[in-house]
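Before any comments, here is the structure.
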Amino acid sequence: MSTIETPPAARTAFWNDPVKRGLALQSALVAFVVLVVWAAWTNMSANMVARGLTFGWDYLSRPANFAIGEGLIPFAPTDSYGRALAVGLLNTLRIAVVGIVLATLLGVAIGVMRLSSNPLLARLVAGYVEVVRNTPLLLQLFLWYAIINTLPGPRQALPFGPGMYLSNRGMKVPWVEWSHVLWPVVWAFVAGVVAAVIAARALKRRREATGDAPPTLPIAVSLMVVPPFLALAVQGFPATISVPVLQGFNFTGGIELSPEFVALLLGLVLYTAAFIAEIVRGGIVAVSKGQWEAARALGLPAPRIMRLVILPQALRVIIPPLTSQYLNLTKNSSLAVAIGYPDLVHVSNTTMNQTGRAVEVILVFALVYLTISLLTSGFMNWYNGRVAIRER
């Protein structure tokens with residue numbers, strides 16, 4: 001009995017092979033990007049040579065010859081342009097970190113209040129969200145800056161908390177003054193954080209294995225607080241709380257936040273919180289109503305249902321768009337130049353005008369914002385992976 005041999009399979013055409021086609025398209029895209037960058041660099045170099053300009057970073061070591069109103073590190077006009085850019089970078093990071101924390105807290109609270117059974121509260125919050133979201137941020141910054149400048153002077157400052165005052169010179173709040181080096185306390189805090197992470201993972205494994213474990217939050221907080229407290233005790237508690245006190249025409253003690261910082265912080269926090277509120281509301285609504293009914297059947301009160309049942313499930317919907325709002329807040333902080341807050345863009349503009357190194361300066365703050373955005377996205381993507389629901 002004879003058998004019929006199967007002819008060899010025909011070779012797949014190049015454009016019908018998805019792997020080969022993908023490699024070809026990606027290679028062409030990379031070549032196109034390299035060509036565009038090379039053409040742009042060649043054109044820029046030719047234009048710089050025609051105008052007698054050179055490309056280099058030597059300007060970073062030259063004296064800046066201008067003052068910066070506020071900063072986390074000391075700065076004098078005799079310091080270098082490099083230090084001036086560092087001051088601007090720290091000011092940007094300060095407003096971004098504080099703004100993200102406050103906007104998150106306020107946005108979550110407003111998002112929950114939007115779902116309140118109280119119609120007056122829900123409508124008031126909805127009105128705030130709609131007004132703020134549909135008004136340009138720059139206009140809001142100008143508004144807050146104008147309001148702060150119309151406040152009374154320090155002698156008639158408005159108190160809004162224990163030892164906290166608001167006037168046309170900014171905000172005065174209590175502060176901790178240290179008389180010794182902080183590094184032992186810092187390292188003790190880092191050790192406490194590491195211990196808290198290890199303890200949290202151990203408790204999680206125990207809870208998954210046995211179904212019973214002590215509460216994680218009190219143990220983690222204790223591990224983060226006790227080591228720095230012991231480090232302070234060993235040094236004899238070298239810290240005093242400085243409270244603002246009115247003397248003459250101004251306050252002494254505490255720490256002063258400039259009108260520009262306060263206006264920028266208020267504008268960014270209130271603007272971003274409105275968007276975060278809608279994200280939180282959408283995430284809560286996305287959770288099935290059966291989860292509410294099951295939690296109520298167990299006798300849980302509404303606050304515990306929200307904290308223990310609904311919000312943990314809503315995080316997988318909330319975190320991706322929340323990451324975009326964090327990035328937007330950081331990038332929107334560049335609008336500080338409009339009200340005179342010395343952030344990275346403000347300092348970079350002054351540096352660029354004095355040195356004529358426009359390309360180098362723009363590259364610096366573009367790379368800085370890119371790095372901050374990538375780090376923020378990376379952290380939020382990691383956290384999103386941690387809270388994502390996994391099938392067992």
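Lettering and numbering for the structure tokens are positional, with chains as A, B, ... in the shown order, residues counted from 1 in each chain, and ligands counted from 1 in the shown order.
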Per-residue nearest contacts of range 217-274 of chain A to range 103-112 of chain A (9 Å; only C-alpha atoms) as CSV:
```
residue,atom,partner,partner_atom,distance
A:Leu268,CA,A:Ala103,CA,7.9
A:Val269,CA,A:Ala103,CA,4.7
A:Leu270,CA,A:Ala103,CA,6.8
A:Tyr271,CA,A:Ala103,CA,8.3
A:Thr272,CA,A:Ala103,CA,6.1
A:Ala273,CA,A:Gly107,CA,4.2
A:Ala274,CA,A:Gly107,CA,6.2
```
Given the selection you just returned, output its residues as a file containing all heavy atoms, formatted as a PDB file, in the first residue's frame.
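Saved file out_22.pdb follows:
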```pdb
ATOM      1  N   LEU A 268      -2.784  74.506  43.637  1.00  0.00           N
ATOM      2  CA  LEU A 268      -2.526  73.153  43.162  1.00  0.00           C
ATOM      3  C   LEU A 268      -3.355  72.120  43.924  1.00  0.00           C
ATOM      4  O   LEU A 268      -3.905  71.187  43.329  1.00  0.00           O
ATOM      5  CB  LEU A 268      -1.031  72.825  43.294  1.00  0.00           C
ATOM      6  CG  LEU A 268      -0.084  73.555  42.348  1.00  0.00           C
ATOM      7  CD1 LEU A 268       1.354  73.204  42.671  1.00  0.00           C
ATOM      8  CD2 LEU A 268      -0.388  73.210  40.895  1.00  0.00           C
ATOM      9  N   VAL A 269      -3.431  72.278  45.249  1.00  0.00           N
ATOM     10  CA  VAL A 269      -4.153  71.295  46.061  1.00  0.00           C
ATOM     11  C   VAL A 269      -5.645  71.324  45.746  1.00  0.00           C
ATOM     12  O   VAL A 269      -6.263  70.270  45.500  1.00  0.00           O
ATOM     13  CB  VAL A 269      -3.897  71.551  47.561  1.00  0.00           C
ATOM     14  CG1 VAL A 269      -4.859  70.744  48.419  1.00  0.00           C
ATOM     15  CG2 VAL A 269      -2.464  71.194  47.918  1.00  0.00           C
ATOM     16  N   LEU A 270      -6.249  72.506  45.741  1.00  0.00           N
ATOM     17  CA  LEU A 270      -7.684  72.583  45.493  1.00  0.00           C
ATOM     18  C   LEU A 270      -8.035  72.164  44.073  1.00  0.00           C
ATOM     19  O   LEU A 270      -9.077  71.535  43.840  1.00  0.00           O
ATOM     20  CB  LEU A 270      -8.178  74.006  45.770  1.00  0.00           C
ATOM     21  CG  LEU A 270      -8.078  74.455  47.233  1.00  0.00           C
ATOM     22  CD1 LEU A 270      -8.511  75.911  47.363  1.00  0.00           C
ATOM     23  CD2 LEU A 270      -8.920  73.572  48.133  1.00  0.00           C
ATOM     24  N   TYR A 271      -7.203  72.498  43.112  1.00  0.00           N
ATOM     25  CA  TYR A 271      -7.455  72.130  41.717  1.00  0.00           C
ATOM     26  C   TYR A 271      -7.321  70.621  41.519  1.00  0.00           C
ATOM     27  O   TYR A 271      -8.210  69.969  40.953  1.00  0.00           O
ATOM     28  CB  TYR A 271      -6.477  72.879  40.813  1.00  0.00           C
ATOM     29  CG  TYR A 271      -6.677  72.640  39.334  1.00  0.00           C
ATOM     30  CD1 TYR A 271      -7.691  73.285  38.641  1.00  0.00           C
ATOM     31  CD2 TYR A 271      -5.832  71.791  38.634  1.00  0.00           C
ATOM     32  CE1 TYR A 271      -7.860  73.082  37.282  1.00  0.00           C
ATOM     33  CE2 TYR A 271      -5.994  71.575  37.279  1.00  0.00           C
ATOM     34  CZ  TYR A 271      -7.012  72.221  36.607  1.00  0.00           C
ATOM     35  OH  TYR A 271      -7.186  72.013  35.251  1.00  0.00           O
ATOM     36  N   THR A 272      -6.231  70.045  41.998  1.00  0.00           N
ATOM     37  CA  THR A 272      -6.004  68.613  41.811  1.00  0.00           C
ATOM     38  C   THR A 272      -6.975  67.791  42.635  1.00  0.00           C
ATOM     39  O   THR A 272      -7.419  66.714  42.201  1.00  0.00           O
ATOM     40  CB  THR A 272      -4.557  68.254  42.181  1.00  0.00           C
ATOM     41  OG1 THR A 272      -3.648  69.122  41.493  1.00  0.00           O
ATOM     42  CG2 THR A 272      -4.239  66.820  41.812  1.00  0.00           C
ATOM     43  N   ALA A 273      -7.341  68.264  43.834  1.00  0.00           N
ATOM     44  CA  ALA A 273      -8.270  67.519  44.683  1.00  0.00           C
ATOM     45  C   ALA A 273      -9.628  67.354  44.016  1.00  0.00           C
ATOM     46  O   ALA A 273     -10.312  66.336  44.228  1.00  0.00           O
ATOM     47  CB  ALA A 273      -8.430  68.224  46.032  1.00  0.00           C
ATOM     48  N   ALA A 274     -10.045  68.334  43.217  1.00  0.00           N
ATOM     49  CA  ALA A 274     -11.327  68.213  42.519  1.00  0.00           C
ATOM     50  C   ALA A 274     -11.306  67.044  41.535  1.00  0.00           C
ATOM     51  O   ALA A 274     -12.288  66.298  41.416  1.00  0.00           O
ATOM     52  CB  ALA A 274     -11.651  69.520  41.800  1.00  0.00           C
TER      53      ALA A 274
END
```
| query | Can you tell me, as number ranges by chain, what residues are no more than 10 Å from range 257-263 of chain A when counting only C-alpha atoms, ignoring any on the same chain fewer than 5 positions away? | reply | A: 69-70, 91, 94-95, 140-149, 166-173, 268-269, 336-343
Saved selection, atoms kept: C-alpha atoms, as an mmCIF file, in the first residue's frame:
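Result file follows (result_11.cif):
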```cif
data_model
loop_
_atom_site.group_PDB
_atom_site.id
_atom_site.type_symbol
_atom_site.label_atom_id
_atom_site.label_comp_id
_atom_site.auth_asym_id
_atom_site.auth_seq_id
_atom_site.Cartn_x
_atom_site.Cartn_y
_atom_site.Cartn_z
ATOM 1 C CA GLY A 69 13.825 84.596 47.818
ATOM 2 C CA GLU A 70 13.392 81.236 49.559
ATOM 3 C CA ASN A 91 11.577 74.102 45.840
ATOM 4 C CA ARG A 94 8.791 70.584 48.164
ATOM 5 C CA ILE A 95 5.656 71.934 46.507
ATOM 6 C CA GLN A 140 -6.962 80.250 40.285
ATOM 7 C CA LEU A 141 -3.324 80.893 41.163
ATOM 8 C CA PHE A 142 -3.742 84.602 40.416
ATOM 9 C CA LEU A 143 -6.901 84.630 42.545
ATOM 10 C CA TRP A 144 -5.278 83.024 45.584
ATOM 11 C CA TYR A 145 -2.201 85.238 45.257
ATOM 12 C CA ALA A 146 -4.398 88.351 45.136
ATOM 13 C CA ILE A 147 -6.413 87.185 48.149
ATOM 14 C CA ILE A 148 -3.285 86.595 50.227
ATOM 15 C CA ASN A 149 -1.869 90.006 49.306
ATOM 16 C CA LEU A 166 -1.964 84.009 58.041
ATOM 17 C CA SER A 167 -1.134 87.519 56.848
ATOM 18 C CA ASN A 168 -0.085 89.359 53.718
ATOM 19 C CA ARG A 169 3.468 88.197 54.418
ATOM 20 C CA GLY A 170 2.493 84.562 54.167
ATOM 21 C CA MET A 171 1.904 81.889 56.758
ATOM 22 C CA LYS A 172 3.655 81.406 60.092
ATOM 23 C CA VAL A 173 3.504 77.935 61.661
ATOM 24 C CA LEU A 268 -2.526 73.153 43.162
ATOM 25 C CA VAL A 269 -4.153 71.295 46.061
ATOM 26 C CA ALA A 336 4.755 79.084 39.794
ATOM 27 C CA VAL A 337 6.747 81.381 37.535
ATOM 28 C CA ALA A 338 3.539 83.417 37.032
ATOM 29 C CA ILE A 339 3.344 84.414 40.728
ATOM 30 C CA GLY A 340 7.064 84.611 41.458
ATOM 31 C CA TYR A 341 7.682 81.397 43.400
ATOM 32 C CA PRO A 342 11.333 80.377 42.745
ATOM 33 C CA ASP A 343 10.824 76.863 41.446
#
```
note - CA of Gln247 in chain A and CA of Ile73 in chain A are separated by 26.2 Å
I'd like to know which residues of range 214-382 of chain A are helix (DSSP H, G or I) (by DSSP, run on the backbone); could you write them as a ChimeraX atom specification?
/A:216-234,259-286,289-297,302-338,344-355,358-382
Tell me, as number ranges by chain, which residues lie within 12 Å of range 37-50 of chain A, counting only C-alpha atoms; anything in the same chain fewer than 3 positions away does not count. A: 30-34, 53-56, 356-360
Could those selected residues go to a file with C-alpha atoms, as an mmCIF file, in the first residue's frame?
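Wrote it out as selection_38.cif, contents follow:
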```cif
data_model
loop_
_atom_site.group_PDB
_atom_site.id
_atom_site.type_symbol
_atom_site.label_atom_id
_atom_site.label_comp_id
_atom_site.auth_asym_id
_atom_site.auth_seq_id
_atom_site.Cartn_x
_atom_site.Cartn_y
_atom_site.Cartn_z
ATOM 1 C CA VAL A 30 14.211 53.594 15.601
ATOM 2 C CA ALA A 31 16.094 54.647 12.475
ATOM 3 C CA PHE A 32 13.583 57.452 11.854
ATOM 4 C CA VAL A 33 13.888 58.752 15.448
ATOM 5 C CA VAL A 34 17.694 58.669 15.264
ATOM 6 C CA LEU A 53 27.450 80.398 20.729
ATOM 7 C CA THR A 54 29.019 77.250 22.142
ATOM 8 C CA PHE A 55 27.538 74.214 23.839
ATOM 9 C CA GLY A 56 28.903 73.337 27.289
ATOM 10 C CA GLY A 356 22.500 82.713 27.090
ATOM 11 C CA ARG A 357 22.725 78.915 27.482
ATOM 12 C CA ALA A 358 19.145 78.260 26.445
ATOM 13 C CA VAL A 359 19.696 74.745 25.116
ATOM 14 C CA GLU A 360 21.620 73.522 28.147
#
```
Determine which residues of range 20-247 of chain A DSSP labels as strand (DSSP E) from the backbone of this structure, then write them out as a PyMOL selection string. chain A and resi 158-161+164-167+170-173+175-178+239-242+245-247
Exercise. Of the residues A:Ala96, A:Ala277, A:Ala231, A:Ser377, which is the one nearest to Leu264 in chain A, using only C-alpha atoms?
Worked result: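 Comparing A:Ala96, A:Ala277, A:Ala231, A:Ser377 against Leu264 in chain A, the winner is A:Ala96.
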Fill in: Selected residue, from A:Gly378, A:Pro74, A:Pro184, A:Pro301, that lies nearest to Pro227 in chain A when counting only C-alpha atoms
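Using only C-alpha atoms, the shortest distance to Pro227 in chain A belongs to A:Pro184.
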